[in-house]
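J.: Next up is a structure, given as structure tokens.
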Amino acid sequence: MADPAPLLQVEALSKNFALKGGAVLHAVQNVSFSLRRGRTLALVGESGCGKSTTGRMILRLIEPSAGSIRLDGEELTAATAARMQALRRRIGIVFQDPMGALNPRRTVGASIIEPLLVHRIPASEHSDRLAGLMKDVELDPDFARRYPHELSGGQRQRVCIARALALQPELIVADEPVSALDASIQAQVLDLLLRLQAEHGLSYLFISHDLSVVRFLSDDVAVMYAGRIVEQGPKAAIFSQPAHPYTRALLAAIPVPEAGAARVQPLEGILPDATQLLPGCAFASRCPSAMPRCQASAPPLFELPGGQRSACWLNESAQEAS
Ligand code: SF4
């Protein structure tokens, strides 16, 4: 049976920011991916690679410069403000910093039901919905009367997840949702996200710099570097046979907890200047396999066996015949 149409389809999405002095920052360039229903696509890469900007463009919190974003076939970039407001019921968002995401003067209960007020859900439904949401995220109902500063970091992130679920969305954009939490709390919140996905049929766009978290949660992975996707494919393929030198460098940098295990190999160098569009591969200045050709022309995303794609000239001969 053919794969059903994806819930989210992003094509050739780009974002340029105009800077003072006339310079242009090319934050996201020509990014394409799709997310199937009930699945998790992880967008991974170092800080500043454009993954959070991409997530915010999907909610139109940042306006794209070019490209297409379709939710269930409907073009979001063409939606009016009123239509976008309605479509946001179908997309929840969870940010990295739960303290910053919550109003310190609002109780937990008021924060969770805030989307119900914005979307004019009848007040008669609020208390039942609040009770259900707090149960969903395993928070004691008494916490509804507390304020964010009275909660732990993990509890605050549960509040943010409950708020993201308030309108019964199909898609959750989760931007580094566990990176501000201790490791033991991270595991609890990741388990919660997996359970909620199974129970509610949620689809996740999971944005993270942490490949060990991505390995735990995702079905598919898209690796971003300097505003572009350089490799994407099923999680198993990306982790077992990474095709792009940047993905290999990220994987080599995953900390290994066991005593005596191989140590972290940090990726040397820095991201290229996003105000300069160079003709070659953006990773060339840091790539241990760079060749003269890499400086001259940028590789396309080559289609590899098993649904993997990689933007590296080294993969040109491995591409599938189309
Ligand atoms: Fe490295 Fe060249 Fe491949 Fe870019 S195209 S990742 S510089 S080998």
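For the structure tokens, the naming scheme is as follows: chains receive sequential letters (A, B, ...) according to their order of presentation, residues are indexed from 1 within each chain, and ligands are indexed from 1 in presentation order.
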All residues within 7 Å of ligand 1 are required, counting only C-alpha atoms and all ligand atoms; please report them as a list of chain:residue names.
T.: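 Counting only what the definition allows, namely only C-alpha atoms and all ligand atoms, the set is A:His244, A:Pro245, A:Tyr246, A:Cys281, A:Ala282, A:Phe283, A:Ala284, A:Cys287, A:Pro288, A:Ser289, A:Ala290, A:Met291, A:Cys294, A:Ala298, A:Pro299, A:Ala311, A:Cys312, A:Trp313, A:Leu314.
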J.: Set the distance at 8 Å and use only C-alpha atoms: which residues neighbour region 29-32 of chain A once local chain neighbours fewer than 5 positions away are removed? I'd like the list as a PyMOL selection string.
T.: chain A and resi 9-15+67+227-229
J.: Looking only at the backbone, which of the residues in region 202-296 of chain A does DSSP tag as strand (DSSP E), as a ChimeraX atom specification?
T.: /A:203-208,220-225,228-234
J.: Quick one: write out the picked residues with N, CA and C atoms as a tab-separated table (two decimals), in the first residue's frame?
T.:
chain	number	residue	atom	x	y	z
A	203	SER	N	1.99	13.77	15.85
A	203	SER	CA	3.19	13.82	15.02
A	203	SER	C	4.10	14.88	15.62
A	204	TYR	N	5.39	14.56	15.70
A	204	TYR	CA	6.34	15.50	16.32
A	204	TYR	C	7.37	15.97	15.31
A	205	LEU	N	7.57	17.28	15.26
A	205	LEU	CA	8.79	17.83	14.66
A	205	LEU	C	9.67	18.17	15.84
A	206	PHE	N	10.71	17.38	16.04
A	206	PHE	CA	11.51	17.45	17.25
A	206	PHE	C	12.85	18.10	16.92
A	207	ILE	N	13.06	19.29	17.44
A	207	ILE	CA	14.25	20.07	17.11
A	207	ILE	C	15.26	19.91	18.24
A	208	SER	N	16.46	19.47	17.91
A	208	SER	CA	17.42	19.19	18.98
A	208	SER	C	18.85	19.24	18.45
A	220	ASP	N	12.55	9.48	11.90
A	220	ASP	CA	13.34	9.98	10.78
A	220	ASP	C	14.17	11.17	11.27
A	221	VAL	N	15.26	11.41	10.56
A	221	VAL	CA	16.19	12.46	10.99
A	221	VAL	C	16.56	13.32	9.79
A	222	ALA	N	16.59	14.64	10.00
A	222	ALA	CA	17.13	15.57	9.00
A	222	ALA	C	18.24	16.36	9.69
A	223	VAL	N	19.43	16.29	9.14
A	223	VAL	CA	20.59	16.96	9.73
A	223	VAL	C	20.80	18.29	9.01
A	224	MET	N	20.82	19.38	9.79
A	224	MET	CA	21.00	20.71	9.20
A	224	MET	C	22.39	21.23	9.49
A	225	TYR	N	22.94	21.90	8.50
A	225	TYR	CA	24.23	22.57	8.67
A	225	TYR	C	24.19	23.88	7.89
A	228	ARG	N	21.12	24.57	5.79
A	228	ARG	CA	20.67	23.62	4.77
A	228	ARG	C	20.54	22.23	5.39
A	229	ILE	N	19.72	21.39	4.78
A	229	ILE	CA	19.71	19.98	5.16
A	229	ILE	C	20.84	19.29	4.39
A	230	VAL	N	21.74	18.66	5.13
A	230	VAL	CA	22.87	17.99	4.47
A	230	VAL	C	22.68	16.48	4.43
A	231	GLU	N	21.84	15.95	5.31
A	231	GLU	CA	21.54	14.52	5.25
A	231	GLU	C	20.18	14.28	5.87
A	232	GLN	N	19.41	13.36	5.32
A	232	GLN	CA	18.15	12.98	5.93
A	232	GLN	C	17.83	11.53	5.59
A	233	GLY	N	16.99	10.94	6.42
A	233	GLY	CA	16.61	9.56	6.18
A	233	GLY	C	16.08	8.90	7.43
A	234	PRO	N	15.77	7.60	7.34
A	234	PRO	CA	15.29	6.88	8.53
A	234	PRO	C	16.35	6.87	9.62
J.: Please identify the alpha helix (DSSP H) residues within region 179-274 of chain A (assignment by DSSP from backbone atoms) and present them as a PyMOL selection string.
T.: chain A and resi 183-200+211-217+235-240+245-252
J.: Keeping only N, CA, C and O atoms, write the selected residues as a compact mmCIF listing (two decimals), in the first residue's frame.
T.:
# COMPACT_ATOMS: atom_id res chain seq x y z
N ALA A 183 19.51 15.12 33.33
CA ALA A 183 19.40 13.89 32.53
C ALA A 183 18.26 12.99 32.99
O ALA A 183 17.51 12.45 32.17
N SER A 184 18.10 12.82 34.32
CA SER A 184 17.05 11.90 34.80
C SER A 184 15.66 12.46 34.47
O SER A 184 14.74 11.71 34.14
N ILE A 185 15.52 13.78 34.55
CA ILE A 185 14.23 14.41 34.24
C ILE A 185 13.99 14.36 32.72
O ILE A 185 12.86 14.17 32.26
N GLN A 186 15.07 14.53 31.96
CA GLN A 186 14.96 14.41 30.49
C GLN A 186 14.31 13.10 30.11
O GLN A 186 13.39 13.05 29.29
N ALA A 187 14.80 12.01 30.73
CA ALA A 187 14.28 10.68 30.38
C ALA A 187 12.79 10.59 30.69
O ALA A 187 12.01 10.02 29.91
N GLN A 188 12.37 11.17 31.81
CA GLN A 188 10.94 11.12 32.18
C GLN A 188 10.09 11.90 31.17
O GLN A 188 9.01 11.44 30.78
N VAL A 189 10.59 13.07 30.76
CA VAL A 189 9.81 13.88 29.82
C VAL A 189 9.78 13.22 28.44
O VAL A 189 8.74 13.25 27.75
N LEU A 190 10.89 12.60 28.03
CA LEU A 190 10.89 11.89 26.74
C LEU A 190 9.92 10.71 26.78
O LEU A 190 9.19 10.47 25.81
N ASP A 191 9.90 9.98 27.89
CA ASP A 191 8.93 8.88 28.02
C ASP A 191 7.50 9.42 27.93
O ASP A 191 6.63 8.81 27.31
N LEU A 192 7.27 10.56 28.57
CA LEU A 192 5.94 11.18 28.53
C LEU A 192 5.57 11.53 27.07
O LEU A 192 4.44 11.26 26.63
N LEU A 193 6.52 12.13 26.34
CA LEU A 193 6.23 12.51 24.95
C LEU A 193 5.89 11.28 24.11
O LEU A 193 4.98 11.31 23.28
N LEU A 194 6.62 10.19 24.34
CA LEU A 194 6.34 8.95 23.59
C LEU A 194 4.95 8.41 23.94
O LEU A 194 4.21 7.96 23.07
N ARG A 195 4.61 8.43 25.22
CA ARG A 195 3.29 7.93 25.61
C ARG A 195 2.17 8.78 25.02
O ARG A 195 1.18 8.26 24.49
N LEU A 196 2.34 10.09 25.09
CA LEU A 196 1.31 10.99 24.54
C LEU A 196 1.16 10.78 23.04
O LEU A 196 0.06 10.84 22.49
N GLN A 197 2.29 10.53 22.36
CA GLN A 197 2.23 10.30 20.92
C GLN A 197 1.41 9.04 20.63
O GLN A 197 0.54 9.04 19.73
N ALA A 198 1.67 7.99 21.40
CA ALA A 198 0.94 6.74 21.18
C ALA A 198 -0.54 6.90 21.50
O ALA A 198 -1.41 6.39 20.78
N GLU A 199 -0.85 7.63 22.56
CA GLU A 199 -2.25 7.76 22.99
C GLU A 199 -3.06 8.71 22.11
O GLU A 199 -4.26 8.52 21.91
N HIS A 200 -2.41 9.76 21.62
CA HIS A 200 -3.15 10.79 20.88
C HIS A 200 -2.83 10.81 19.38
O HIS A 200 -3.32 11.69 18.66
N LEU A 211 22.03 14.36 19.74
CA LEU A 211 21.74 13.15 18.97
C LEU A 211 21.36 11.96 19.85
O LEU A 211 20.68 11.04 19.39
N SER A 212 21.79 11.96 21.11
CA SER A 212 21.40 10.83 21.96
C SER A 212 19.90 10.91 22.26
O SER A 212 19.22 9.88 22.35
N VAL A 213 19.37 12.12 22.40
CA VAL A 213 17.93 12.29 22.59
C VAL A 213 17.18 11.94 21.30
O VAL A 213 16.15 11.26 21.32
N VAL A 214 17.73 12.38 20.19
CA VAL A 214 17.11 12.12 18.87
C VAL A 214 17.04 10.61 18.61
O VAL A 214 16.04 10.09 18.11
N ARG A 215 18.10 9.90 18.99
CA ARG A 215 18.12 8.45 18.78
C ARG A 215 16.98 7.78 19.55
O ARG A 215 16.37 6.83 19.09
N PHE A 216 16.68 8.31 20.73
CA PHE A 216 15.65 7.72 21.58
C PHE A 216 14.25 7.95 21.01
O PHE A 216 13.40 7.07 21.06
N LEU A 217 14.03 9.12 20.43
CA LEU A 217 12.65 9.55 20.17
C LEU A 217 12.21 9.48 18.72
O LEU A 217 11.03 9.33 18.43
N LYS A 235 15.90 6.92 10.87
CA LYS A 235 16.85 6.99 11.99
C LYS A 235 17.88 5.86 11.95
O LYS A 235 19.08 6.11 12.13
N ALA A 236 17.41 4.64 11.69
CA ALA A 236 18.33 3.50 11.75
C ALA A 236 19.47 3.68 10.76
O ALA A 236 20.64 3.41 11.07
N ALA A 237 19.16 4.19 9.56
CA ALA A 237 20.21 4.37 8.55
C ALA A 237 21.15 5.50 8.93
O ALA A 237 22.38 5.38 8.80
N ILE A 238 20.59 6.59 9.43
CA ILE A 238 21.43 7.75 9.79
C ILE A 238 22.41 7.37 10.90
O ILE A 238 23.58 7.76 10.88
N PHE A 239 21.94 6.58 11.88
CA PHE A 239 22.82 6.24 13.00
C PHE A 239 23.76 5.08 12.69
O PHE A 239 24.86 5.03 13.22
N SER A 240 23.35 4.17 11.82
CA SER A 240 24.21 3.01 11.57
C SER A 240 25.15 3.23 10.38
O SER A 240 26.25 2.68 10.35
N PRO A 245 29.90 13.56 5.96
CA PRO A 245 30.95 13.76 6.97
C PRO A 245 30.50 14.57 8.18
O PRO A 245 30.97 14.32 9.29
N TYR A 246 29.56 15.49 8.00
CA TYR A 246 29.09 16.28 9.14
C TYR A 246 28.28 15.39 10.09
O TYR A 246 28.45 15.47 11.32
N THR A 247 27.42 14.54 9.55
CA THR A 247 26.66 13.62 10.41
C THR A 247 27.62 12.71 11.16
O THR A 247 27.44 12.45 12.36
N ARG A 248 28.64 12.24 10.47
CA ARG A 248 29.61 11.35 11.14
C ARG A 248 30.31 12.10 12.28
O ARG A 248 30.54 11.53 13.35
N ALA A 249 30.63 13.37 12.05
CA ALA A 249 31.28 14.16 13.11
C ALA A 249 30.34 14.36 14.29
O ALA A 249 30.76 14.26 15.46
N LEU A 250 29.06 14.62 14.03
CA LEU A 250 28.09 14.77 15.13
C LEU A 250 27.97 13.48 15.93
O LEU A 250 27.93 13.50 17.15
N LEU A 251 27.91 12.36 15.22
CA LEU A 251 27.77 11.08 15.91
C LEU A 251 29.01 10.77 16.73
O LEU A 251 28.91 10.24 17.84
N ALA A 252 30.17 11.12 16.22
CA ALA A 252 31.41 10.87 16.96
C ALA A 252 31.48 11.71 18.22
O ALA A 252 32.22 11.40 19.15
J.: What is the distance, in Å and to one decimal place, between CA of Leu271 (chain A) and CA of Asn16 (chain A)?
T.: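 Going from CA of Leu271 (chain A) over to CA of Asn16 (chain A) covers 16.7 Å.
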J.: Contacts of region 300-302 of chain A at 7 Å or less, counting only C-alpha atoms, minus same-chain residues fewer than 5 places along, as a list in words?
T.: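 Once the nearby chain positions are removed, what remains is Arg309, Ser310, Ala311, Asn315, Glu316 and Gln319 of chain A.
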J.: Could you please take those selected residues and save C-alpha atoms as a PDB file, in the first residue's frame?
T.:
ATOM      1  CA  ARG A 309      19.768  11.465   1.088  1.00  0.00           C
ATOM      2  CA  SER A 310      23.125  13.165   1.464  1.00  0.00           C
ATOM      3  CA  ALA A 311      24.556  16.415   0.119  1.00  0.00           C
ATOM      4  CA  ASN A 315      27.985  10.106  -2.228  1.00  0.00           C
ATOM      5  CA  GLU A 316      27.567  10.905  -5.913  1.00  0.00           C
ATOM      6  CA  GLN A 319      23.151   7.566  -5.566  1.00  0.00           C
TER       7      GLN A 319
END
J.: I'd like the interatomic distance between CA of Ile58 (chain A) and CA of Leu167 (chain A), to a tenth of an Å.
T.: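 Taking CA of Ile58 (chain A) as the start and CA of Leu167 (chain A) as the end point, the length is 17.3 Å.
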J.: Name the closest residue to Ala101 (chain A) among the candidates A:Leu202, A:Ala166, A:Ile172, A:Ile161; distances are taken between atoms, counting only C-alpha atoms.
T.: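 Answer, going by the shortest atom-to-atom distance: A:Ile161.
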J.: Have a look at A:Arg89, A:Arg120, A:Arg163, A:Lys135 and name the one nearest to Leu59 (chain A); count only C-alpha atoms.
T.: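 Of A:Arg89, A:Arg120, A:Arg163, A:Lys135, the one nearest Leu59 (chain A), counting only C-alpha atoms, is A:Arg89.
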J.: Between A:Leu171, A:Leu8, A:Val159, A:Leu76, which is the closest to Asn103 (chain A) once you count only C-alpha atoms?
T.: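 Of the candidates, the smallest distance to Asn103 (chain A) is held by A:Val159.
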